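Pasted below: query-v9.txt, compact mmCIF, C-alpha atoms.
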# COMPACT_ATOMS: atom_id res chain seq x y z
CA MET A 198 -5.12 -42.55 18.17
CA ASN A 199 -4.51 -42.93 14.43
CA LYS A 200 -8.23 -42.70 13.75
CA PHE A 201 -8.43 -39.49 15.76
CA ILE A 202 -5.54 -37.90 13.79
CA TYR A 203 -7.06 -39.11 10.53
CA ILE A 204 -10.49 -37.62 11.39
CA LEU A 205 -8.84 -34.39 12.58
CA PHE A 206 -6.87 -34.15 9.32
CA ILE A 207 -9.98 -34.76 7.19
CA SER A 208 -11.99 -32.22 9.23
CA PHE A 209 -9.24 -29.64 8.87
CA LEU A 210 -9.09 -30.28 5.14
CA MET A 211 -12.86 -29.93 4.72
CA PHE A 212 -13.08 -26.71 6.72
CA SER A 213 -10.14 -25.16 4.91
CA CYS A 214 -11.85 -25.78 1.57
CA THR A 215 -14.99 -23.86 2.42
CA SER A 216 -15.42 -20.41 1.02
CA ASN A 217 -14.71 -17.83 3.66
CA THR A 218 -13.66 -15.17 1.21
CA ILE A 219 -16.80 -13.07 1.52
CA LEU A 220 -15.49 -9.56 1.64
CA LYS A 221 -16.62 -6.48 3.44
CA LYS A 222 -18.75 -4.23 1.25
CA PRO A 223 -16.57 -1.49 -0.26
CA ASP A 224 -17.48 2.13 0.41
CA ASN A 225 -17.77 2.93 -3.28
CA LEU A 226 -19.62 -0.24 -4.31
CA ILE A 227 -21.31 0.01 -7.69
CA PRO A 228 -25.04 -0.73 -7.29
CA GLU A 229 -26.20 -4.03 -8.72
CA ASP A 230 -28.37 -2.58 -11.52
CA LYS A 231 -25.55 -0.28 -12.62
CA MET A 232 -23.13 -3.21 -12.44
CA VAL A 233 -25.37 -5.20 -14.81
CA ASP A 234 -25.33 -2.29 -17.27
CA LEU A 235 -21.57 -1.90 -16.88
CA LEU A 236 -20.83 -5.60 -17.38
CA THR A 237 -23.12 -5.70 -20.42
CA ASP A 238 -21.18 -2.83 -21.99
CA LEU A 239 -17.87 -4.45 -21.04
CA PHE A 240 -18.85 -7.72 -22.71
CA LEU A 241 -19.84 -5.79 -25.82
CA ALA A 242 -16.49 -3.96 -25.71
CA ILE A 243 -14.59 -7.23 -25.40
CA ASN A 244 -16.33 -8.55 -28.50
CA ALA A 245 -15.79 -5.29 -30.36
CA GLU A 246 -12.02 -5.30 -29.85
CA ASN A 247 -11.36 -7.26 -33.02
CA THR A 248 -14.10 -5.66 -35.07
CA LYS A 249 -13.38 -2.67 -37.28
CA ASN A 250 -15.04 0.52 -36.13
CA LEU A 251 -16.29 3.36 -38.35
CA GLN A 252 -12.74 4.66 -38.76
CA LEU A 253 -11.68 1.14 -39.84
CA GLU A 254 -9.53 0.73 -36.73
CA ARG A 255 -9.09 -2.49 -34.79
CA GLN A 256 -7.87 -3.15 -31.27
CA VAL A 257 -9.59 -0.06 -29.86
CA ASN A 258 -9.65 0.06 -26.07
CA TYR A 259 -13.24 0.93 -25.15
CA TYR A 260 -12.83 0.40 -21.40
CA PRO A 261 -11.99 4.02 -20.55
CA LEU A 262 -15.06 5.16 -22.49
CA ILE A 263 -17.27 2.75 -20.57
CA PHE A 264 -15.84 3.80 -17.23
CA GLU A 265 -16.40 7.43 -18.22
CA LYS A 266 -19.98 6.67 -19.25
CA TYR A 267 -20.76 5.30 -15.77
CA ASN A 268 -18.63 7.89 -13.92
CA ILE A 269 -16.40 5.29 -12.30
CA ASP A 270 -12.72 4.42 -12.43
CA SER A 271 -11.04 1.07 -12.96
CA THR A 272 -10.23 0.73 -9.25
CA GLN A 273 -13.85 1.15 -8.25
CA PHE A 274 -14.85 -1.42 -10.86
CA LYS A 275 -12.21 -3.90 -9.69
CA GLU A 276 -13.24 -3.54 -6.04
CA SER A 277 -16.93 -3.91 -6.86
CA ASN A 278 -16.34 -6.83 -9.21
CA PHE A 279 -14.15 -8.54 -6.61
CA TYR A 280 -16.83 -8.01 -3.96
CA TYR A 281 -19.64 -9.37 -6.16
CA SER A 282 -17.53 -12.32 -7.32
CA SER A 283 -16.84 -13.25 -3.70
CA ARG A 284 -20.59 -13.80 -3.34
CA ILE A 285 -21.00 -16.50 -5.95
CA ASP A 286 -24.80 -16.81 -5.85
CA GLU A 287 -25.34 -13.07 -6.21
CA TYR A 288 -22.69 -12.81 -8.91
CA ASP A 289 -24.27 -15.70 -10.80
CA GLU A 290 -27.64 -13.90 -10.77
CA LEU A 291 -25.92 -10.73 -11.91
CA LEU A 292 -24.28 -12.54 -14.81
CA MET A 293 -27.60 -14.17 -15.74
CA LYS A 294 -29.11 -10.69 -16.06
CA VAL A 295 -26.19 -9.65 -18.25
CA GLU A 296 -26.68 -12.74 -20.42
CA GLU A 297 -30.41 -11.97 -20.79
CA ARG A 298 -29.59 -8.43 -21.88
CA LEU A 299 -27.02 -9.62 -24.39
CA LYS A 300 -29.51 -12.11 -25.84
CA ALA A 301 -32.15 -9.37 -26.11
CA LEU A 302 -29.65 -7.10 -27.87
CA ASP A 303 -28.73 -9.94 -30.23
CA MET A 304 -32.39 -10.54 -31.09
CA LYS A 305 -32.90 -6.82 -31.69
CA TYR A 306 -29.83 -6.78 -33.96
CA GLU A 307 -31.08 -9.81 -35.91
CA ILE A 308 -34.47 -8.16 -36.46
CA LEU A 309 -32.84 -4.95 -37.66
CA LYS A 310 -30.47 -6.89 -39.90
CA ARG A 311 -33.39 -8.80 -41.50
CA GLN A 312 -35.25 -5.53 -42.05
CA GLU A 313 -32.18 -3.95 -43.63
CA ASP A 314 -31.67 -6.99 -45.86
CA SER A 315 -35.30 -6.92 -46.98
CA ILE A 316 -35.04 -3.21 -47.83
CA VAL A 317 -31.90 -3.85 -49.88
CA GLU A 318 -33.62 -6.74 -51.65
CA ALA A 319 -36.71 -4.61 -52.35
CA GLU A 320 -34.55 -1.83 -53.78
CA LYS A 321 -32.76 -4.35 -56.00
CA ASN A 322 -36.07 -5.75 -57.24
CA MET A 323 -37.39 -2.26 -57.89
CA LYS A 324 -34.26 -1.35 -59.84
CA ASN A 325 -34.57 -4.53 -61.94
CA ARG A 326 -38.23 -3.77 -62.66
CA VAL A 327 -37.36 -0.25 -63.78
CA ILE A 328 -34.62 -1.59 -66.07
CA ASP A 329 -37.02 -4.19 -67.49
CA SER A 330 -39.64 -1.51 -68.07
CA ILE A 331 -37.13 0.72 -69.85
CA ASN A 332 -36.01 -2.19 -72.03
CA ASN A 333 -39.64 -3.00 -72.90
CA ILE A 334 -40.31 0.61 -73.87
CA LYS A 335 -37.19 0.65 -76.04
CA LYS A 336 -38.26 -2.55 -77.80
CA ARG A 337 -41.76 -1.22 -78.43
CA SER A 338 -40.55 2.08 -79.81
CA VAL A 339 -37.77 0.56 -81.95
CA LYS A 340 -40.03 -2.00 -83.70
CA PRO A 341 -42.36 0.55 -85.32
CA ILE A 342 -39.41 2.61 -86.49
CA LYS A 343 -37.78 -0.44 -88.07
CA GLU A 344 -41.06 -1.36 -89.78
CA ASN A 345 -41.46 2.16 -91.12
CA LEU A 346 -37.96 2.04 -92.51
CA LYS A 347 -38.61 -1.31 -94.24
CA ASP A 348 -41.79 0.04 -95.86
CA LYS A 349 -40.01 2.90 -97.53

Would you put the structure from the file into structure tokens?
Amino acid sequence: MNKFIYILFISFLMFSCTSNTILKKPDNLIPEDKMVDLLTDLFLAINAENTKNLQLERQVNYYPLIFEKYNIDSTQFKESNFYYSSRIDEYDELLMKVEERLKALDMKYEILKRQEDSIVEAEKNMKNRVIDSINNIKKRSVKPIKENLKDK
């Protein structure tokens, strides 16, 4: 009898631990491709919270702007996010797509940053060359004048 109760208890414990939280699809579910775009923008907004914007402000709440961009409200996002997160495999794929996009954006930023740095460096070199050329011209034109003055 004790074995039966023990097996029943273990079986009950195992079945209660399984995920049965798969929810019914909400009526206003955000499509998966739009959700990837939305989550990408939300991750960017999270990282931008502590970065100064063009007006030198920090702690700017970008979430309402993102929701406005995608014509959704926070409730629709929460319901859709809750639905997708209840389906772990699908949500994992969705987050992998977001991660790929973020990596692609990071690479694009790095390329642009290197190009900008090389332009700045080229401008600096050009400025130094111009200054050197001006100094050389001054030296050349001052020497003959000094020599002419010594001769007199």

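Shortest atom-to-atom contact with Glu296 (chain A) among A:Ile308, A:Val233, A:Ile269, A:Leu262: A:Val233, counting only C-alpha atoms.
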
Q: Point out the residue among A:Leu241, A:Glu229, A:Asp224, A:Phe264 with the least atom-to-atom distance to Glu276 (chain A), counting only C-alpha atoms.
A: A:Asp224

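Taking CA of Phe279 (chain A) and CA of Met232 (chain A) as endpoints, the distance between them is 12.0 Å.
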
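Pairwise distance (CA of Tyr306 (chain A), CA of Leu235 (chain A)) equals 19.6 Å.
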
Q: Identify which of the residues A:Lys266, A:Val257, A:Pro223, A:Asp303 lies closest to Asn278 (chain A), counting all atoms listed in the file when measuring atom-to-atom distances.
A: A:Pro223

Q | Length of the CA of Tyr267 (chain A) to CA of Ile243 (chain A) vector [Å] | A | 17.0 Å

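Nearest-residue note for Val295 (chain A): choosing from A:Ile316, A:Leu226, A:Leu220, A:Leu236, the minimum distance belongs to A:Leu236, counting all atoms listed in the file.
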
Q.
Could you list, as a list of chain:residue names, every residue within 12 Å of region 282-292 of chain A, counting all atoms listed in the file and ignoring same-chain residues fewer than 5 positions away?
A. A:Ser216, A:Asn217, A:Thr218, A:Ile219, A:Leu220, A:Lys221, A:Lys222, A:Pro228, A:Glu229, A:Asp230, A:Lys231, A:Met232, A:Val233, A:Asp234, A:Leu235, A:Leu236, A:Thr237, A:Phe240, A:Phe274, A:Lys275, A:Glu276, A:Ser277, A:Glu297, A:Arg298, A:Leu299
